[in-house]
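Structure file work_13.cif with mmCIF, C-alpha atoms:
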```cif
data_entry
#
loop_
_atom_site.label_atom_id
_atom_site.label_comp_id
_atom_site.auth_asym_id
_atom_site.auth_seq_id
_atom_site.Cartn_x
_atom_site.Cartn_y
_atom_site.Cartn_z
CA MET A 201 59.95 17.43 27.44
CA GLU A 202 61.78 18.93 24.45
CA ILE A 203 61.68 17.17 21.08
CA ILE A 204 63.85 18.40 18.20
CA LEU A 205 62.01 17.51 15.00
CA PRO A 206 63.45 16.58 11.58
CA GLN A 207 63.86 19.33 8.98
CA ARG A 208 60.50 20.64 7.76
CA LEU A 209 59.75 21.90 4.25
CA ASN A 210 60.12 25.69 3.81
CA THR A 211 62.00 26.14 7.09
CA THR A 212 65.65 27.03 7.66
CA CYS A 213 66.19 25.17 10.94
CA ARG A 214 64.82 22.27 12.91
CA GLU A 215 61.73 23.00 14.99
CA THR A 216 61.47 22.18 18.67
CA ILE A 217 58.28 21.29 20.56
CA ILE A 218 57.58 20.62 24.22
CA ALA A 219 55.58 17.40 24.60
CA ASN A 220 55.56 14.02 26.32
CA LYS A 221 53.56 12.42 23.51
CA LEU A 222 53.73 12.95 19.76
CA VAL A 223 51.59 11.10 17.21
CA VAL A 224 52.76 11.12 13.58
CA ILE A 225 50.04 10.10 11.13
CA GLY A 226 50.17 9.76 7.38
CA ALA A 227 49.38 7.51 4.46
CA ASN A 228 51.67 4.66 3.45
CA GLY A 229 54.81 6.09 1.80
CA ALA A 230 54.36 9.58 3.24
CA GLY A 231 57.66 9.42 5.13
CA LYS A 232 56.71 8.35 8.67
CA SER A 233 59.38 5.64 8.92
CA SER A 234 62.10 7.97 7.60
CA PHE A 235 60.94 10.59 10.09
CA GLY A 236 61.38 8.03 12.87
CA LYS A 237 64.81 6.92 11.64
CA ASP A 238 65.98 10.52 11.69
CA LEU A 239 64.97 10.85 15.34
CA ILE A 240 66.61 7.52 16.24
CA HIS A 241 69.87 8.58 14.57
CA ARG A 242 69.93 12.00 16.22
CA TYR A 243 69.03 10.91 19.76
CA GLY A 244 71.41 7.93 19.71
CA GLU A 245 71.46 5.82 22.87
CA GLN A 246 68.63 7.85 24.36
CA ALA A 247 66.26 6.56 21.66
CA VAL A 248 64.57 3.15 21.67
CA ARG A 249 62.72 1.74 18.69
CA ILE A 250 59.74 -0.50 19.51
CA SER A 251 57.82 -2.47 16.90
CA GLY A 252 55.23 -5.06 17.84
CA PHE A 253 55.03 -6.10 14.20
CA ARG A 254 58.72 -7.07 14.10
CA CYS A 255 59.16 -8.38 17.63
CA LEU A 256 58.38 -12.02 16.78
CA SER A 257 60.86 -12.32 13.89
CA VAL A 258 64.64 -12.74 14.10
CA ARG A 259 66.33 -9.42 13.27
CA ASN A 260 69.69 -7.81 14.00
CA GLU A 261 69.11 -4.07 14.13
CA SER A 262 70.72 -1.35 16.20
CA GLN A 263 68.89 1.07 18.48
CA ASP A 264 66.65 -1.71 19.77
CA TRP A 265 66.42 -2.36 23.50
CA ALA A 266 66.94 -6.06 22.72
CA ASP A 267 70.56 -5.30 21.75
CA LEU A 268 71.21 -5.42 25.50
CA THR A 269 71.18 -9.20 25.08
CA PRO A 270 74.05 -10.62 22.98
CA SER A 271 72.08 -13.62 21.59
CA HIS A 272 71.78 -13.21 17.82
CA ARG A 273 69.43 -15.89 16.50
CA LEU A 274 66.56 -14.89 18.78
CA SER A 275 63.63 -12.59 18.20
CA ALA A 276 63.20 -9.39 20.19
CA TYR A 277 60.44 -11.13 22.13
CA ASP A 278 62.71 -14.06 23.04
CA LYS A 279 65.47 -11.69 24.14
CA LEU A 280 63.01 -9.77 26.29
CA VAL A 281 61.91 -12.94 28.12
CA ILE A 282 65.56 -13.92 28.77
CA HIS A 283 66.38 -10.41 30.00
CA LEU A 284 63.42 -10.39 32.38
CA GLN A 285 64.21 -13.85 33.77
CA LYS A 286 67.79 -12.77 34.42
CA GLU A 287 66.61 -9.66 36.26
CA GLU A 288 64.08 -11.74 38.21
CA PHE A 289 66.79 -14.17 39.31
CA GLU A 290 69.16 -11.38 40.37
CA ALA A 291 66.38 -9.67 42.35
CA ALA A 292 65.51 -12.97 44.09
CA VAL A 293 69.14 -13.60 45.09
CA GLN A 294 69.57 -10.05 46.36
CA TYR A 295 66.31 -10.26 48.32
CA LYS A 296 67.40 -13.55 49.89
CA GLU A 297 70.68 -12.05 51.10
CA GLN A 298 68.99 -8.87 52.39
CA SER A 299 66.35 -10.91 54.24
CA LYS A 300 69.07 -12.66 56.20
CA ARG A 301 70.05 -9.30 57.67
CA ALA A 302 66.54 -7.83 57.88
CA PRO A 303 63.83 -10.49 58.40
CA GLY A 304 60.37 -9.44 57.27
CA LEU A 305 61.70 -7.26 54.45
CA PRO A 306 59.00 -6.84 51.73
CA PRO A 307 59.89 -8.42 48.38
CA PRO A 308 61.04 -6.06 45.58
CA VAL A 309 58.79 -5.11 42.67
CA THR A 310 60.53 -6.33 39.52
CA LYS A 311 59.98 -5.37 35.90
CA LEU A 312 58.17 -8.66 35.38
CA ASP A 313 55.78 -7.73 38.20
CA SER A 314 54.88 -4.51 36.42
CA ILE A 315 54.41 -6.29 33.10
CA GLN A 316 52.22 -8.94 34.72
CA VAL A 317 49.82 -6.37 36.20
CA ILE A 318 49.11 -4.72 32.85
CA TRP A 319 49.11 -7.95 30.82
CA GLU A 320 46.48 -9.49 33.09
CA LYS A 321 44.34 -6.34 32.79
CA MET A 322 44.35 -6.78 29.02
CA PHE A 323 43.57 -10.51 29.26
CA PRO A 324 41.46 -10.85 32.44
CA GLN A 325 40.58 -14.43 31.55
CA ASN A 326 44.26 -15.40 31.91
CA LYS A 327 46.94 -15.17 34.60
CA LEU A 328 50.73 -15.34 34.38
CA LEU A 329 52.52 -17.96 36.46
CA ARG A 330 56.27 -17.71 36.90
CA LYS A 331 58.36 -20.82 37.31
CA SER A 332 62.06 -21.53 37.07
CA GLY A 333 63.00 -20.77 33.48
CA PHE A 334 59.42 -20.33 32.29
CA ILE A 335 56.61 -17.79 32.15
CA GLU A 336 53.35 -19.69 31.94
CA PRO A 337 49.95 -18.13 31.17
CA ILE A 338 47.01 -19.97 32.66
CA SER A 339 43.29 -19.45 32.32
CA SER A 340 41.40 -18.02 35.28
CA SER A 341 39.22 -21.12 35.14
CA PRO A 342 40.23 -23.49 37.97
CA ALA A 343 40.14 -26.49 35.63
CA SER A 344 42.48 -25.00 33.04
CA LYS A 345 46.12 -25.98 32.59
CA ALA A 346 49.10 -23.68 32.16
CA TYR A 347 50.87 -23.31 28.84
CA GLN A 348 54.40 -22.04 28.31
CA ALA A 349 55.12 -18.53 27.00
CA ASP A 350 56.28 -19.84 23.63
CA ARG A 351 52.76 -21.20 23.12
CA MET A 352 51.05 -17.83 23.65
CA SER A 353 49.10 -16.46 20.72
CA ASP A 354 50.89 -13.82 18.65
CA GLY A 355 48.55 -11.18 20.08
CA GLU A 356 49.40 -12.17 23.66
CA LYS A 357 53.11 -12.14 22.86
CA ILE A 358 52.93 -8.71 21.23
CA VAL A 359 51.12 -7.21 24.23
CA PHE A 360 53.72 -8.76 26.55
CA TYR A 361 56.54 -7.42 24.37
CA LEU A 362 55.17 -3.88 24.06
CA ILE A 363 54.79 -3.57 27.83
CA GLY A 364 58.18 -5.15 28.50
CA ALA A 365 60.06 -3.11 25.92
CA VAL A 366 58.83 0.12 27.50
CA VAL A 367 59.48 -1.12 31.04
CA CYS A 368 63.06 -2.04 30.11
CA ALA A 369 63.81 1.26 28.36
CA PRO A 370 66.43 3.46 30.07
CA PRO A 371 65.30 6.47 32.17
CA GLY A 372 64.11 9.45 30.15
CA ALA A 373 64.20 7.52 26.88
CA LEU A 374 62.68 8.68 23.62
CA LEU A 375 60.44 5.76 22.62
CA LEU A 376 59.69 5.47 18.91
CA ILE A 377 56.72 3.13 18.53
CA GLU A 378 55.88 1.92 15.04
CA ALA A 379 52.26 0.97 14.25
CA PRO A 380 51.19 0.88 17.93
CA GLU A 381 47.80 -0.53 16.96
CA ILE A 382 49.10 -3.42 14.84
CA LEU A 383 47.60 -6.87 15.61
CA LEU A 384 45.83 -5.46 18.70
CA HIS A 385 42.11 -5.96 19.22
CA GLU A 386 39.99 -2.81 19.21
CA SER A 387 38.91 -3.48 22.80
CA ILE A 388 42.44 -3.15 24.22
CA LYS A 389 44.56 -1.06 21.85
CA HIS A 390 43.75 2.26 23.54
CA SER A 391 43.65 1.08 27.17
CA LEU A 392 46.94 -0.79 26.71
CA TRP A 393 48.84 2.35 25.75
CA ASP A 394 47.10 4.33 28.50
CA GLU A 395 48.48 1.84 31.03
CA ILE A 396 51.96 1.80 29.46
CA GLU A 397 52.19 5.59 29.36
CA ASP A 398 51.20 5.82 33.04
CA LEU A 399 53.96 3.32 33.83
CA ARG A 400 56.73 5.48 32.27
CA PRO A 401 55.92 9.19 32.71
CA ASP A 402 59.67 9.92 32.44
CA CYS A 403 59.78 8.89 28.77
CA ILE A 404 58.81 10.61 25.52
CA PHE A 405 56.36 8.55 23.45
CA ILE A 406 56.44 9.06 19.67
CA TYR A 407 53.90 7.00 17.73
CA LEU A 408 53.98 6.38 13.96
CA THR A 409 50.52 5.34 12.78
CA HIS A 410 47.90 5.57 10.06
CA ASP A 411 45.01 4.92 12.45
CA ILE A 412 42.95 8.09 12.99
CA SER A 413 41.11 6.63 15.99
CA PHE A 414 44.47 6.16 17.73
CA ILE A 415 45.09 9.91 17.59
CA THR A 416 41.84 10.76 19.33
CA ALA A 417 42.62 8.32 22.14
CA ARG A 418 46.01 9.87 22.99
CA GLN A 419 45.11 12.53 25.52
CA ASN A 420 47.27 15.70 25.73
CA SER A 421 49.42 14.75 22.76
CA GLU A 422 50.83 16.72 19.86
CA CYS A 423 49.95 15.47 16.39
CA ILE A 424 51.78 15.76 13.06
CA TRP A 425 50.15 15.01 9.72
CA MET A 426 52.88 13.74 7.40
CA HIS A 427 52.37 14.64 3.73
CA ALA A 428 55.56 13.65 1.92
CA TYR A 429 59.33 13.13 2.19
CA ASN A 430 62.09 14.33 -0.10
CA ALA A 431 64.83 11.72 0.30
CA ASP A 432 67.40 13.66 -1.71
CA GLU A 433 67.08 16.81 0.41
CA LYS A 434 66.13 14.94 3.60
CA ILE A 435 63.21 17.30 4.14
CA TRP A 436 59.74 16.35 5.33
CA ASP A 437 56.47 18.03 4.38
CA TYR A 438 54.23 17.96 7.45
CA GLU A 439 51.88 20.10 9.48
CA PHE A 440 50.60 20.18 13.04
CA ILE A 441 46.90 19.45 13.62
CA ASN A 442 44.76 20.10 16.67
CA THR A 443 43.42 16.81 18.03
CA LYS A 444 40.74 18.64 20.02
CA GLU A 445 39.09 19.88 16.85
CA ASN A 446 37.55 18.09 13.88
CA PHE A 447 40.23 16.77 11.57
CA PRO A 448 40.41 18.15 8.02
CA GLU A 449 38.43 16.11 5.50
CA GLU A 450 41.62 15.92 3.41
CA LEU A 451 43.24 13.95 6.22
CA TYR A 452 40.54 11.30 6.04
CA ILE A 453 40.84 11.04 2.30
CA ASP A 454 44.66 10.85 2.60
CA ILE A 455 44.65 8.20 5.31
CA LEU A 456 41.88 5.96 4.03
CA GLY A 457 44.13 3.56 2.20
CA SER A 458 41.90 0.80 3.56
CA ARG A 459 38.92 2.51 1.92
CA LYS A 460 36.78 2.02 5.00
CA PRO A 461 33.29 3.53 4.90
CA ILE A 462 32.74 6.41 7.32
CA LEU A 463 30.28 6.42 10.20
CA PHE A 464 29.43 9.87 11.60
CA ILE A 465 28.27 9.87 15.23
CA GLU A 466 27.38 12.29 17.98
CA GLY A 467 29.79 13.14 20.79
CA ALA A 468 33.25 14.62 21.07
CA GLU A 469 36.63 13.27 19.93
CA SER A 470 37.48 12.36 23.53
CA ASN A 471 35.61 11.54 26.74
CA SER A 472 32.55 10.45 24.76
CA ILE A 473 30.74 7.14 25.21
CA ASP A 474 29.68 7.30 21.55
CA ASN A 475 33.31 7.50 20.41
CA ARG A 476 34.40 4.67 22.68
CA LEU A 477 31.51 2.32 21.97
CA TYR A 478 30.65 2.64 18.29
CA PRO A 479 34.16 1.77 16.95
CA LEU A 480 33.84 -1.54 18.80
CA ILE A 481 30.36 -2.21 17.42
CA PHE A 482 31.31 -1.19 13.86
CA PRO A 483 34.97 -2.22 13.40
CA ASP A 484 34.62 -2.13 9.61
CA TYR A 485 33.84 1.60 9.69
CA LEU A 486 35.99 4.65 10.33
CA VAL A 487 34.01 6.29 13.14
CA LYS A 488 34.03 10.09 13.20
CA PRO A 489 32.47 12.08 16.10
CA MET A 490 30.81 15.29 14.94
CA GLY A 491 29.39 16.79 18.15
CA GLY A 492 25.63 17.33 17.92
CA CYS A 493 23.00 15.40 15.99
CA GLN A 494 22.45 18.16 13.41
CA LYS A 495 26.14 18.09 12.50
CA VAL A 496 25.93 14.30 12.01
CA ILE A 497 22.97 14.70 9.65
CA GLU A 498 24.64 17.50 7.67
CA SER A 499 27.99 15.70 7.41
CA THR A 500 26.42 12.42 6.27
CA LYS A 501 24.40 14.19 3.60
CA ALA A 502 27.36 16.30 2.41
CA PHE A 503 29.77 13.35 2.29
CA ARG A 504 27.32 11.25 0.30
CA GLN A 505 26.96 14.06 -2.21
CA LEU A 506 30.76 13.85 -2.77
CA LYS A 507 30.69 10.08 -3.22
CA ASP A 508 31.56 10.32 -6.92
CA PHE A 509 34.80 12.02 -5.82
CA HIS A 510 35.98 9.80 -2.95
CA THR A 511 33.92 6.61 -3.69
CA LEU A 512 33.45 6.03 0.04
CA ASP A 513 30.17 5.06 1.64
CA SER A 514 29.03 7.09 4.64
CA LYS A 515 26.32 6.70 7.24
CA GLY A 516 25.30 8.43 10.46
CA ILE A 517 23.90 7.46 13.86
CA VAL A 518 22.01 9.84 16.16
CA ASP A 519 20.25 9.26 19.47
CA ARG A 520 16.55 8.42 19.35
CA ASP A 521 15.66 10.90 22.11
CA ARG A 522 11.94 11.55 21.50
CA ARG A 523 11.83 11.40 17.73
CA THR A 524 8.57 10.38 16.06
CA GLU A 525 8.39 7.41 13.69
CA GLY A 526 8.02 9.87 10.81
CA GLU A 527 11.24 11.66 11.80
CA ILE A 528 13.04 8.34 12.06
CA ARG A 529 11.90 7.25 8.60
CA TYR A 530 13.05 10.58 7.15
CA LEU A 531 16.51 10.17 8.71
CA GLN A 532 16.81 6.63 7.39
CA ASP A 533 16.16 7.97 3.89
CA GLN A 534 19.19 10.23 4.50
CA HIS A 535 21.23 7.18 5.64
CA VAL A 536 21.16 8.40 9.24
CA TYR A 537 20.04 5.67 11.63
CA VAL A 538 18.47 5.70 15.06
CA PRO A 539 18.98 2.96 17.71
CA ASP A 540 16.02 1.34 19.47
CA VAL A 541 17.06 3.03 22.73
CA ALA A 542 16.78 6.69 23.72
CA GLU A 543 20.52 7.39 24.09
CA VAL A 544 23.77 5.55 23.47
CA GLU A 545 24.27 4.98 27.21
CA ASN A 546 21.15 2.80 27.25
CA LEU A 547 22.87 0.27 24.99
CA LEU A 548 24.95 -0.71 28.03
CA LEU A 549 21.74 -1.71 29.83
CA LEU A 550 20.55 -4.19 27.22
CA GLU A 551 20.14 -7.66 28.67
CA PRO A 552 22.75 -9.43 26.50
CA VAL A 553 25.31 -6.72 27.34
CA VAL A 554 24.63 -6.94 31.08
CA ARG A 555 24.98 -10.72 31.01
CA VAL A 556 28.23 -10.67 29.00
CA VAL A 557 29.78 -8.11 31.37
CA ALA A 558 28.70 -10.22 34.36
CA LEU A 559 30.40 -13.28 32.85
CA ARG A 560 33.52 -11.24 32.09
CA LEU A 561 33.66 -10.20 35.74
CA MET A 562 33.08 -13.82 36.80
CA LYS A 563 29.72 -13.08 38.44
CA ASP A 564 26.34 -14.80 38.19
CA PRO A 565 24.62 -13.28 35.09
CA GLU A 566 21.14 -14.02 36.43
CA GLN A 567 21.74 -12.26 39.73
CA VAL A 568 23.48 -9.29 38.10
CA PHE A 569 20.73 -8.84 35.52
CA GLU A 570 17.98 -9.00 38.16
CA LYS A 571 19.84 -6.37 40.20
CA VAL A 572 20.23 -4.12 37.15
CA CYS A 573 16.50 -4.49 36.39
CA GLU A 574 15.65 -3.55 39.94
CA ASN A 575 17.90 -0.47 39.93
CA VAL A 576 16.72 0.75 36.52
CA LEU A 577 13.05 0.39 37.40
CA GLN A 578 13.52 2.16 40.71
CA LEU A 579 15.19 5.08 38.93
CA PHE A 580 12.34 5.22 36.41
CA GLU A 581 9.75 5.24 39.14
CA LYS A 582 11.40 8.18 40.89
CA ASP A 583 11.37 10.27 37.72
CA LEU A 584 8.02 9.32 36.17
CA GLU A 585 6.47 12.77 36.46
CA GLY A 586 9.59 14.52 35.19
CA GLN A 587 9.75 12.24 32.16
CA GLY A 588 6.06 12.86 31.55
CA ASP A 589 6.56 16.62 31.66
CA THR A 590 9.51 16.44 29.24
CA THR A 591 7.57 14.23 26.84
CA CYS A 592 4.68 16.68 26.85
CA GLN A 593 7.03 19.60 26.17
CA THR A 594 8.66 17.88 23.19
CA SER A 595 5.70 16.15 21.58
CA GLY A 596 2.49 16.97 23.41
CA PRO A 597 1.87 20.58 22.36
CA GLU A 598 2.36 19.90 18.65
CA LYS A 599 -0.05 16.99 18.71
CA ALA A 600 -2.57 18.70 20.94
CA GLY A 601 -2.41 22.02 19.13
CA GLU A 602 -2.25 23.93 22.39
CA SER A 603 0.25 25.45 24.80
CA TYR A 604 1.81 23.12 27.30
CA GLN A 605 0.21 23.05 30.75
CA PRO A 606 1.54 20.20 32.89
CA GLU A 607 -1.38 20.15 35.29
CA ASN A 608 -3.80 19.62 32.38
CA TYR A 609 -1.74 17.45 30.04
CA GLN A 610 -0.75 15.05 32.82
CA CYS A 611 -4.22 13.62 32.29
CA GLY A 612 -4.77 11.36 29.32
CA ARG A 613 -1.92 9.70 27.48
CA ILE A 614 0.98 10.40 29.89
CA ASN A 615 -1.01 9.60 32.99
CA GLN A 616 -2.16 6.37 31.36
CA SER A 617 1.45 5.46 30.51
CA CYS A 618 2.47 6.11 34.11
CA ARG A 619 -0.21 3.75 35.38
CA LYS A 620 0.92 1.07 32.90
CA PHE A 621 4.51 1.55 33.96
CA LYS A 622 3.64 1.13 37.64
CA ARG A 623 1.69 -2.05 36.89
CA GLY A 624 4.63 -3.38 34.90
CA TYR A 625 7.06 -2.33 37.63
CA SER A 626 5.45 -4.80 40.01
CA ARG A 627 6.38 -7.53 37.53
CA GLY A 628 10.01 -6.37 37.25
CA GLY A 629 11.74 -8.30 34.47
CA TYR A 630 8.58 -8.48 32.33
CA LEU A 631 8.55 -4.72 31.92
CA TYR A 632 12.30 -4.62 31.20
CA LYS A 633 12.01 -7.26 28.46
CA ASN A 634 8.90 -5.67 26.92
CA LYS A 635 10.05 -2.05 26.99
CA LYS A 636 8.88 -1.37 23.43
CA ARG A 637 5.27 -1.97 24.45
CA ILE A 638 5.24 1.00 26.80
CA PRO A 639 3.68 4.03 25.04
#
```

Would you encode the structure as structure tokens?
Amino acid sequence: MEIILPQRLNTTCRETIIANKLVVIGANGAGKSSFGKDLIHRYGEQAVRISGFRCLSVRNESQDWADLTPSHRLSAYDKLVIHLQKEEFEAAVQYKEQSKRAPGLPPPVTKLDSIQVIWEKMFPQNKLLRKSGFIEPISSSPASKAYQADRMSDGEKIVFYLIGAVVCAPPGALLLIEAPEILLHESIKHSLWDEIEDLRPDCIFIYLTHDISFITARQNSECIWMHAYNADEKIWDYEFINTKENFPEELYIDILGSRKPILFIEGAESNSIDNRLYPLIFPDYLVKPMGGCQKVIESTKAFRQLKDFHTLDSKGIVDRDRRTEGEIRYLQDQHVYVPDVAEVENLLLLEPVVRVVALRLMKDPEQVFEKVCENVLQLFEKDLEGQGDTTCQTSGPEKAGESYQPENYQCGRINQSCRKFKRGYSRGGYLYKNKKRIP
């Protein structure tokens, strides 16, 4: 879709881009809000401003979807609930009349139905119950009681509002979303907007944010880095950046108003387990994927050397792979750390993680963990010789001082480890819980 952008510095006319999603990032005071207001003013009724931060307070502003409801002393969230209940009632009446003429007619899918599906995905421990005049969340636990929508937490209300505001937007709307990550937990802020975007492919999504991790999560989007705004001339200083490449270091320094320390990791900006997992484990860090392990080591070292300039702490994490204890100690001296598992994917197989996921899915943790143990050990057993060969190739020759010959080196240390593994395999969980004891 075509987006006509506000006037850019050193240009004679407004630029136009073709995109369904545009992320505008910049430090506080760089001109993001003014950039958004210019778009709202120019697109008029086609534009809808959505702010989770403001949705719970009473405001009277134009260009808000909530203006569809004439009530004045209500918040945007309250107006949304009233609007949805009205639409639900009208749909029920219409369905009743149509069913008289056509028995067996399937019920219509209302806006509230669509909101409920996504909301319950974000809060799987809760369900939404609809009653006359009320929307009541209730815990999935059979013993729990319902509580009315006005007693939801602010986070639950904001998620409900963000989904509903987009659902209620007119066809083909330009949606200007301010601080899309505000008050949202790290575990849902990306998946929530993925779901919302899929729900309204006819709309243009424009996000105003200062969260770098939010950019990397918006697939197939254009990105603008906002530098400054000249209010007298109504001209913005900005540049386009490629979200598929490493962001300029200047962007990090510009955005880091929170002064978060930086954590360099392996993996790509998108479609990387490292980049999805580590921000959840280290929420106090700005996580930056660098590709390979060598790039992580180099970036951590270089950034620490510039610490007198930016005053930010920086660390790195690389996979253990088959590193020796000496290599690991050397990396730690460089502030690059190595997990106790071979690769980041193995963190998902740790016993506490397996049990928490089982509980989240409302399954028996003991049965799930035993099944995971069984599957993991069976996979190990199938690939024992291959793992032995790889270990010999990476560490055997250097230690043995000879060229690698699988048929010879299989004897000794690796063969002994295989026999120990097979003995432990017969005891299942014991081997899983004592994995560090295996040579």

| query | Written as a ChimeraX atom specification, which residues does the PyMOL selection byres ((chain A and resi 289) around 12) give for the file shown? | reply | /A:282-288,290-296,308,310-312,330-334

| message | Taking all atoms listed in the file into account, name the residue in A:Ser391, A:Glu356, A:Gly304, A:Cys573 that is nearest to Asn326 of chain A. | response |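 Result for the nearest residue to Asn326 of chain A: A:Glu356.
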
| field | Expected selection from the PyMOL selection byres ((chain A and resi 225) around 8), given as a list in words | value | Val223, Val224, Gly226, Ala227, Lys232, Leu408, Thr409, His410, Asp411, Ile412, Cys423, Ile424, Trp425 and Met426 of chain A

| message | Between atom CA of Val359 of chain A and atom CA of Pro461 of chain A, what distance in Å does the model show, to one decimal? | response |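 Value for the atom CA of Val359 of chain A-atom CA of Pro461 of chain A distance: 28.4 Å.
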
| query | So, counting only C-alpha atoms, which residue among A:Ile240, A:Cys403, A:Ile217, A:Ile473 is closest to Val366 of chain A? | reply |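 Checking each candidate against Val366 of chain A, we get A:Cys403 as the closest.
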
Would you mind listing what lies within 12 Å of Leu399 of chain A as a PDB file with C-alpha atoms, keeping the file's coordinate frame, with all atoms listed in the file counted and same-chain residues fewer than 2 positions away left out?
```pdb
ATOM      1  CA  LYS A 311      59.980  -5.370  35.900  1.00  0.00           C
ATOM      2  CA  SER A 314      54.880  -4.510  36.420  1.00  0.00           C
ATOM      3  CA  ILE A 315      54.410  -6.290  33.100  1.00  0.00           C
ATOM      4  CA  VAL A 317      49.820  -6.370  36.200  1.00  0.00           C
ATOM      5  CA  ILE A 318      49.110  -4.720  32.850  1.00  0.00           C
ATOM      6  CA  ILE A 363      54.790  -3.570  27.830  1.00  0.00           C
ATOM      7  CA  GLY A 364      58.180  -5.150  28.500  1.00  0.00           C
ATOM      8  CA  ALA A 365      60.060  -3.110  25.920  1.00  0.00           C
ATOM      9  CA  VAL A 366      58.830   0.120  27.500  1.00  0.00           C
ATOM     10  CA  VAL A 367      59.480  -1.120  31.040  1.00  0.00           C
ATOM     11  CA  CYS A 368      63.060  -2.040  30.110  1.00  0.00           C
ATOM     12  CA  ALA A 369      63.810   1.260  28.360  1.00  0.00           C
ATOM     13  CA  PRO A 371      65.300   6.470  32.170  1.00  0.00           C
ATOM     14  CA  LEU A 392      46.940  -0.790  26.710  1.00  0.00           C
ATOM     15  CA  TRP A 393      48.840   2.350  25.750  1.00  0.00           C
ATOM     16  CA  ASP A 394      47.100   4.330  28.500  1.00  0.00           C
ATOM     17  CA  GLU A 395      48.480   1.840  31.030  1.00  0.00           C
ATOM     18  CA  ILE A 396      51.960   1.800  29.460  1.00  0.00           C
ATOM     19  CA  GLU A 397      52.190   5.590  29.360  1.00  0.00           C
ATOM     20  CA  PRO A 401      55.920   9.190  32.710  1.00  0.00           C
ATOM     21  CA  ASP A 402      59.670   9.920  32.440  1.00  0.00           C
ATOM     22  CA  CYS A 403      59.780   8.890  28.770  1.00  0.00           C
ATOM     23  CA  PHE A 405      56.360   8.550  23.450  1.00  0.00           C
TER      24      PHE A 405
END
```

| Distance in Å - atom CA of Tyr361 of chain A versus atom CA of Tyr407 of chain A |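 Computing it gives 16.1 Å between the two atoms.
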
| Pairwise distance for atom CA of His427 of chain A and atom CA of Ile377 of chain A, rounded to one decimal in Å | 19.2 Å

| message | Since I can't run it myself right now, could you work out what the PyMOL selection byres ((chain A and resi 434) around 10) selects here and report it as a PyMOL selection string? | response | chain A and resi 206-209+234-235+238+429-433+435-436

Enclose the full set of atoms of segment 533-549 of chain A listed in the file within a box whose edges lie along x, y and z, apply 4 Å of padding to each of the six sides, and report centre and edge lengths in Å to one decimal as lines of an AutoDock Vina configuration file.
```
center_x = 20.5
center_y = 4.3
center_z = 16.9
size_x = 16.9
size_y = 19.9
size_z = 33.9
```

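All protein, DNA and RNA residues at most 12 Å from (19.1, 2.9, 24.5) are Asp474, Val518, Asp519, Arg520, Asp521, Arg522, Val538, Pro539, Asp540, Val541, Ala542, Glu543, Val544, Glu545, Asn546, Leu547, Leu548, Leu549, Leu550, Glu551, Val553, Lys635 and Lys636 of chain A, using all atoms listed in the file.
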
| request: Within 12 Å of (52.3, 16.0, 21.1) (coordinates as in the file), grab all the protein and nucleic acid residues, counting all atoms listed in the file, and write them out as number ranges by chain. | output: A: 201-203, 205, 216-225, 404-407, 415-416, 418-425, 440-444

Mind writing the picked residues with C-alpha atoms as a JSON list (two decimals), in the coordinates of the input?
```json
[["chain", "number", "residue", "atom", "x", "y", "z"],
["A", 201, "MET", "CA", 59.95, 17.43, 27.44],
["A", 202, "GLU", "CA", 61.78, 18.93, 24.45],
["A", 203, "ILE", "CA", 61.68, 17.17, 21.08],
["A", 205, "LEU", "CA", 62.01, 17.51, 15.00],
["A", 216, "THR", "CA", 61.47, 22.18, 18.67],
["A", 217, "ILE", "CA", 58.28, 21.29, 20.56],
["A", 218, "ILE", "CA", 57.58, 20.62, 24.22],
["A", 219, "ALA", "CA", 55.58, 17.40, 24.60],
["A", 220, "ASN", "CA", 55.56, 14.02, 26.32],
["A", 221, "LYS", "CA", 53.56, 12.42, 23.51],
["A", 222, "LEU", "CA", 53.73, 12.95, 19.76],
["A", 223, "VAL", "CA", 51.59, 11.10, 17.21],
["A", 224, "VAL", "CA", 52.76, 11.12, 13.58],
["A", 225, "ILE", "CA", 50.04, 10.10, 11.13],
["A", 404, "ILE", "CA", 58.81, 10.61, 25.52],
["A", 405, "PHE", "CA", 56.36, 8.55, 23.45],
["A", 406, "ILE", "CA", 56.44, 9.06, 19.67],
["A", 407, "TYR", "CA", 53.90, 7.00, 17.73],
["A", 415, "ILE", "CA", 45.09, 9.91, 17.59],
["A", 416, "THR", "CA", 41.84, 10.76, 19.33],
["A", 418, "ARG", "CA", 46.01, 9.87, 22.99],
["A", 419, "GLN", "CA", 45.11, 12.53, 25.52],
["A", 420, "ASN", "CA", 47.27, 15.70, 25.73],
["A", 421, "SER", "CA", 49.42, 14.75, 22.76],
["A", 422, "GLU", "CA", 50.83, 16.72, 19.86],
["A", 423, "CYS", "CA", 49.95, 15.47, 16.39],
["A", 424, "ILE", "CA", 51.78, 15.76, 13.06],
["A", 425, "TRP", "CA", 50.15, 15.01, 9.72],
["A", 440, "PHE", "CA", 50.60, 20.18, 13.04],
["A", 441, "ILE", "CA", 46.90, 19.45, 13.62],
["A", 442, "ASN", "CA", 44.76, 20.10, 16.67],
["A", 443, "THR", "CA", 43.42, 16.81, 18.03],
["A", 444, "LYS", "CA", 40.74, 18.64, 20.02]]
```

| task | Mind checking which residues fall within 8 Å of His535 of chain A, counting all atoms listed in the file, ignoring those fewer than 5 positions away in the same chain, and posting them as an MDAnalysis selection string? | result | chainID A and resid 500:501 514:516

Using C-alpha atoms, can you write the selected residues to a file as a tab-separated table (two decimals), in the coordinates of the input?
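And here's selection-v9.tsv as it stands now:
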```
chain	number	residue	atom	x	y	z
A	500	THR	CA	26.42	12.42	6.27
A	501	LYS	CA	24.40	14.19	3.60
A	514	SER	CA	29.03	7.09	4.64
A	515	LYS	CA	26.32	6.70	7.24
A	516	GLY	CA	25.30	8.43	10.46
```
